[in-house]
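Visitor: The structure under discussion is supplied below as structure tokens; questions concerning it will follow.
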Amino acid sequence: MRNRKQLSQEKALEPEISYFGLQAYWGATKHMGGLKATKELIELCHIKKDTYVLDVGCGVGATSCYLAKNYGCKVVGVDISEMMIYRANERKKREHVEDRVEFRVADVQNLPFENDIFDVVIGESVITFVKDKQRAINECVRVTKPGGYVGLNEETWMKTPLQEIIEYYYRTWDIKAETLTSDDWKELLRKSGLKDIVVRTYKFKSSLSEYIDELRFYIKDYPGMLYRALSLYIKSPAFRKYTKGRYTSLPKNFFEYLGYGIYVGRK
């Protein structure tokens, strides 16, 4: 029989019916380019064993734990969602990196750290969803040490989108902020004071293998994720209403318009 503490925890973990709320509930983190893009970001930011990293918008902690496990560095991951942080703490225990990873609830637009703390600050598909992008990037720069790096992987318009592309994109991913071109992103980094800016843009290949890689969680996570998704669909009218008509057919040539960019600058 479940005790009061367990019931309270289950209540606290009831999902918010939104794009990120649902991702947090079933434990998924994704961004365009998947692990390949993460490795490129790591290389451009010169992350090594002695690097102190802040992962903004860390989601369920996939990249933070990957860094700690494969590079041996210390990482702080922050996310605005309490449930994301709950899932991230679950992950760091599974990955046995509790001694090198810390997760905290925090907003990228108002980071709870002093100036010049981290060697590297990274974000993957985070600032795309923030309305005041300049403020968010300025905060990332503020907490980075002089000579350190800020690196982002963010959704990017490859060319001016058609109206049907825009409507599908904003509806499907619950986006309430403006998505930018690579020139726009570069200008934000420049205005924040970063130098030696690197810009690399990529089209997203809409293949099954790239989509699976993009999801960024391991095979052992699938059973729990699928169980939570199916259970929620059965018991939640709100979830069924949310999904109805949301994931319609992908507009023709969608990924000719939308891709991603890797943007890195040195403080």
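Ordering of the structure tokens sets the chain letters (A, B, ...); residue numbers start at 1 within each chain; ligands are numbered from 1 in the order shown.
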DSSP on the backbone, then: every residue of segment 75-226 of chain A marked alpha helix (DSSP H), written as a compact mmCIF listing (two decimals) with C-alpha atoms, in the first residue's frame.
Guide:
```txt
# COMPACT_ATOMS: atom_id res chain seq x y z
CA GLU A 82 11.07 21.02 -11.61
CA MET A 83 10.04 17.77 -13.26
CA MET A 84 12.96 17.95 -15.71
CA ILE A 85 15.32 18.31 -12.75
CA TYR A 86 13.62 15.38 -11.01
CA ARG A 87 14.24 13.21 -14.09
CA ALA A 88 17.80 14.53 -14.38
CA ASN A 89 18.54 13.50 -10.79
CA GLU A 90 17.16 10.05 -11.57
CA ARG A 91 19.50 9.84 -14.53
CA LYS A 92 22.66 10.87 -12.68
CA LYS A 93 22.04 8.08 -10.17
CA ARG A 94 21.56 5.54 -12.96
CA LYS A 133 17.14 35.87 -26.25
CA GLN A 134 19.66 38.65 -25.76
CA ARG A 135 19.09 38.65 -22.02
CA ALA A 136 19.52 34.87 -21.86
CA ILE A 137 22.78 34.94 -23.82
CA ASN A 138 24.06 37.87 -21.76
CA GLU A 139 23.45 35.80 -18.62
CA CYS A 140 25.39 32.87 -20.10
CA VAL A 141 28.28 35.21 -20.85
CA ARG A 142 28.14 36.84 -17.41
CA GLN A 163 3.13 30.60 -43.76
CA GLU A 164 2.09 26.93 -43.52
CA ILE A 165 5.61 26.05 -42.35
CA ILE A 166 5.50 28.72 -39.64
CA GLU A 167 2.06 27.64 -38.41
CA TYR A 168 3.00 23.96 -38.24
CA TYR A 169 6.29 24.68 -36.48
CA TYR A 170 4.89 26.99 -33.79
CA ARG A 171 1.86 24.78 -33.15
CA THR A 172 3.67 21.44 -32.95
CA SER A 182 22.03 32.21 -38.46
CA ASP A 183 22.85 35.89 -38.98
CA ASP A 184 20.44 36.80 -36.17
CA TRP A 185 22.05 34.30 -33.80
CA LYS A 186 25.54 35.52 -34.64
CA GLU A 187 24.51 39.11 -33.96
CA LEU A 188 23.15 38.17 -30.52
CA LEU A 189 26.47 36.55 -29.61
CA ARG A 190 28.37 39.58 -30.91
CA LYS A 191 26.23 42.00 -28.89
CA LEU A 208 14.42 7.47 -38.78
CA SER A 209 18.02 6.94 -37.66
CA GLU A 210 18.65 10.66 -37.14
CA TYR A 211 15.34 11.08 -35.32
CA ILE A 212 16.20 8.25 -32.92
CA ASP A 213 19.63 9.78 -32.30
CA GLU A 214 18.02 13.18 -31.74
CA LEU A 215 15.90 11.84 -28.89
CA TYR A 222 12.27 3.25 -23.79
CA PRO A 223 10.09 0.88 -21.70
CA GLY A 224 9.48 3.45 -18.94
CA MET A 225 8.89 6.24 -21.42
CA LEU A 226 6.40 4.22 -23.48
```
Visitor: When you look at Tyr66 of chain A with a cut-off of 10 Å (counting only C-alpha atoms), what residues show up, excluding the ones that are within fewer than 3 positions of it in the same chain? I need them as a list in words.
Guide: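 What passes the distance filter is Leu35, Thr38, Gly61, Ala62, Thr63, Lys69, Asn70, Tyr71, Gly72, Cys73, Val75, Lys92, Glu95 and Val97 of chain A.
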Visitor: What residues in segment 117-223 of chain A get the DSSP label strand (DSSP E)? Please answer as an NGL selection string.
Guide: :A and (118-124 or 144-157 or 180-181 or 195-203)
Visitor: For segment 114-117 of chain A, find every residue with an atom within 9 Å (counting only C-alpha atoms), except residues of its own chain fewer than 2 positions away, and show them as a PyMOL selection string.
Guide: chain A and resi 52+111-112+119+141-146+148
Visitor: Between A:Asp79, A:Glu102, A:Glu178, A:Asp55, which has the minimum distance to Phe118 of chain A (counting only C-alpha atoms)?
Guide: A:Asp55
Visitor: To one decimal place in Å, what is the distance between atom CA of Leu44 of chain A and atom CA of Glu155 of chain A?
Guide: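 Atom CA of Glu155 of chain A lies 18.1 Å from atom CA of Leu44 of chain A.
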Visitor: Which of these, A:Arg100, A:Arg240, A:Lys30, A:Lys176, has the shortest distance to Gly123 of chain A once you count only C-alpha atoms?
Guide: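 With only C-alpha atoms as the atom set, the closest residue is A:Lys30.
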Visitor: Work out how far atom CA of Phe239 of chain A is from atom CA of Glu16 of chain A, in Å to one decimal.
Guide: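 According to the coordinates, atom CA of Glu16 of chain A and atom CA of Phe239 of chain A are separated by 9.3 Å.
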Visitor: Rounded to one decimal in Å, what is the spacing between atom CA of Val199 of chain A and atom CA of Thr179 of chain A?
Guide: 16.2 Å
